[in-house]
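These notes concern the structure reproduced below.
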Number of protein chains: 2
Amino acid sequence: MADDDAPARAGAHEGPEADEGPSPRPRQVLADSVYEAVKAMVMDHEIQPGARVGIEALARALDVSPTPVREALARLESDGLVTKRSLAGYRATELLTRAGLDELFEMRLLLEPRAAALAARNADDADLDAIENLVEQMRRHPGTGDRYAVYRDFAALDQRFHDTVAGATGRRLLADAVGRLHSHLHIFRLGSVPGGGPLTLAEHDRILRAILRRNPDRAAEAMRAHLTASLDRQHAGRGLPRGG
Amino acid sequence: MADDDAPARAGAHEGPEADEGPSPRPRQVLADSVYEAVKAMVMDHEIQPGARVGIEALARALDVSPTPVREALARLESDGLVTKRSLAGYRATELLTRAGLDELFEMRLLLEPRAAALAARNADDADLDAIENLVEQMRRHPGTGDRYAVYRDFAALDQRFHDTVAGATGRRLLADAVGRLHSHLHIFRLGSVPGGGPLTLAEHDRILRAILRRNPDRAAEAMRAHLTASLDRQHAGRGLPRGG
DNA sequence: CGCCCGGAGATCCTATAGAATCTTGATCTC
DNA sequence: GAGATCAAGATTCTATAGGATCTCCGGGCG
């Protein structure tokens with residue numbers, strides 16, 4: 001399964017599509033492919049946090065020259081997925097600490113309830129379809145197995161849900177900020193929730209219903225509750241009860 | 001004029017400096033210099049919004065090869081200062097529309113009052129010194145002349161004030177988000193406020209006093225008032241009623 | 001008069017090579 | 001035994017060259 005590879009999905013570098021041209025075909029260029037490939041490697045921990053990300057090594061592995069790799073890594077660095085030391089090469093970003101995790105959710109609690117409220121106000125039919133569709137996919141994909149790939153797919157659906165809600169606000173800056181944060185979360189850990197799948201689904205469902213009802217206050221509240229519960233689950237998945 | 005070139009100032013790619021090494025010397029590499037140079041060109045409208053930013057042309061102008069230019073432009077694109085079309089090169093980002101300006105301030109009103117509150121809570125002595133210093137500089141630099149350079153310097157001080165407050169929160173993610181937004185504002189227009197200099201200074205002073213008093217609520221309120229007033233001034237500076 | 005088409009020029013994209021720098025391991029000294 | 005010194009290897013950084021693509025402009029056609 002997982003035949004929804006969608007290799008042409010550009011992270012946050014989509015152009016405007018309001019009244020511009022028909023967007024003929026943004027021919028995939030090597031640097032973009034490399035960007036996507038390395039992003040996936042880092043997020044899936046195929047490249048471990050803190051490990052070196054050699055330019056030539058990557059170039060050999062992907063069968064391209066170092067030049068597009070260098071360009072992709074520069075973008076990844078702005079996204080915060082890798083860090084660079086001037087003449088010592090790139091390394092994958094370290095795992096989030098407990099404090100870093102809390103800071104991340106502090107930001108999400110600032111941005112995403114507002115996003116949910118704006119989505120309840122501004123979402124059009126296509127947005128609603130997309131959000132409903134993601135909830136349905138998650139329903140069929142409970143993510144309760146013990147296989148790594150199951151966790152990974154579930155986490156990807158979760159991320160896409162939040163990104164789609166943020167995109168439904170009609171606020172590009174807000175959507176970009178939310179998307180950037182999610183990359184960091186995805187680095188942190190994938191699917192560390194023991195029985196969290198059904199809970200996450202139920203909370204997403206509640207957010208969806210509030211948006212469908214066009215009730216901004218309730219949507220914001222549902223999002224706030226979801227994030228708070230999600231942070232608690234992440235803490236439980238770590239070593240919360242004392243430094244065991 | 002403007003002898004404070006400071007060529008070693010890296011935009012938003014500073015490493016942590018808490019308990020790491022003494023940061024021996026992040027040797028400036030060509031791609032970084034080019035990044036700073038092009039960023040300045042775009043923000044000062046030396047490269048006009050919407051104009052082409054040719055790779056080879058830049059390379060000739062800066063007397064380097066196209067390779068580091070390509071790397072710098074990839075970073076600039078993530079910052080939103082240039083946009084890329086796959087095989088057609090880079091262009092400087094278009095000027096903000098009225099709606100874009102409103103959206104920008106909507107985001108600032110979401111982030112910066114929170115930042116001011118956290119700064120009031122967490123700023124250390126060095127942070128307070130830096131903020132006070134910026135207010136003093138702005139006091140000596142009223143920005144009421146009609147010279148372009150005067151406007152530009154005043155706008156740079158304004159941006160540094162907001163960035164410094166955001167940096168005093170101890171929240172890297174929040175500070176980065178605020179910094180990214182300011183790049184967009186700086187693109188929009190530089191110092192379009194006819195008599196706004198003294199007003200801006202007074203509002204900054206009020207924010208500073210609230211932070212010094214360690215009063216988060218008042219700091220947030222002062223920041224909110226400042227941003228609201230600033231947006232009104234920007235609207236007045238555009239095509240609304242009449243010029244001053 | 002407006003639109004479509006084709007070729008010259010310029011630009012971008014990718015690969016490769018050489019110079020400078022960092023990292024690693026072994027050796028030497030205290 | 002611990003720490004510093006130094007050389008070999010690997011890697012980064014920059015420049016250059018060739019192939020592919022887009023842009024621009026002039027001519028032909030409806």
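Residue numbers start at 1 in each chain; chains themselves are named A, B, ... in the order of the structure tokens; ligands are numbered from 1 in the order shown.
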Compile a residue-level contact table for chain A against chain D at a cut-off of 7 Å, reporting for every qualifying residue the shortest atom pair and its distance in Å to one decimal, with only C-alpha atoms (C1' of nucleotides) counted, rows ordered by chain and ascending number, as JSON lines.
```
{"residue": "A:Leu87", "atom": "CA", "partner": "D:DT12", "partner_atom": "C1'", "distance": 5.9}
{"residue": "A:Ala88", "atom": "CA", "partner": "D:DT12", "partner_atom": "C1'", "distance": 6.9}
{"residue": "A:Gly89", "atom": "CA", "partner": "D:DT12", "partner_atom": "C1'", "distance": 6.8}
```
Discussion item. Taking the DSSP secondary structure from the backbone, can you list the residues of segment 65-232 of chain A that are helix (DSSP H, G or I), as a ChimeraX atom specification?
Written reply: /A:66-79,98-122,125-139,148-167,172-188,196-212,216-232
Discussion item. With only C-alpha atoms (C1' of nucleotides) considered, list every residue of chain C at most 7 Å from chain A, as a count of residues only.
Written reply: 3
Fill in: Interface residues on chain A facing chain B, 9 Å, only C-alpha atoms, written as a PyMOL selection string
chain A and resi 12-13+15+26-29+67+70-79+83-87+103-104+107+110-111+114+171-174+177+181
Worksheet entry | Å distance separating atom CA of Gly167 of chain B from atom CA of Gly50 of chain A, one decimal place |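 Spanning atom CA of Gly167 of chain B to atom CA of Gly50 of chain A is a straight-line distance of 25.0 Å.
In this structure, atom C1' of DT27 of chain C sits 28.1 Å away from atom CA of Arg52 of chain A.
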Item to complete: For atom CA of Arg139 of chain B and atom CA of Leu208 of chain B, quote the distance in Å rounded to one decimal.
Response: 13.2 Å
Item to complete: Mind checking which residues fall within 9 Å of Ala37 of chain B, counting only C-alpha atoms (C1' of nucleotides), ignoring those fewer than 4 positions away in the same chain, and posting them as a PyMOL selection string?
Response: chain B and resi 7+32-33+41-42+62
Discussion item. Give me, as a PyMOL selection string, the residues of segment 42-111 of chain B that a backbone DSSP run labels strand (DSSP E).
Written reply: chain B and resi 52-53+82-85+89-92
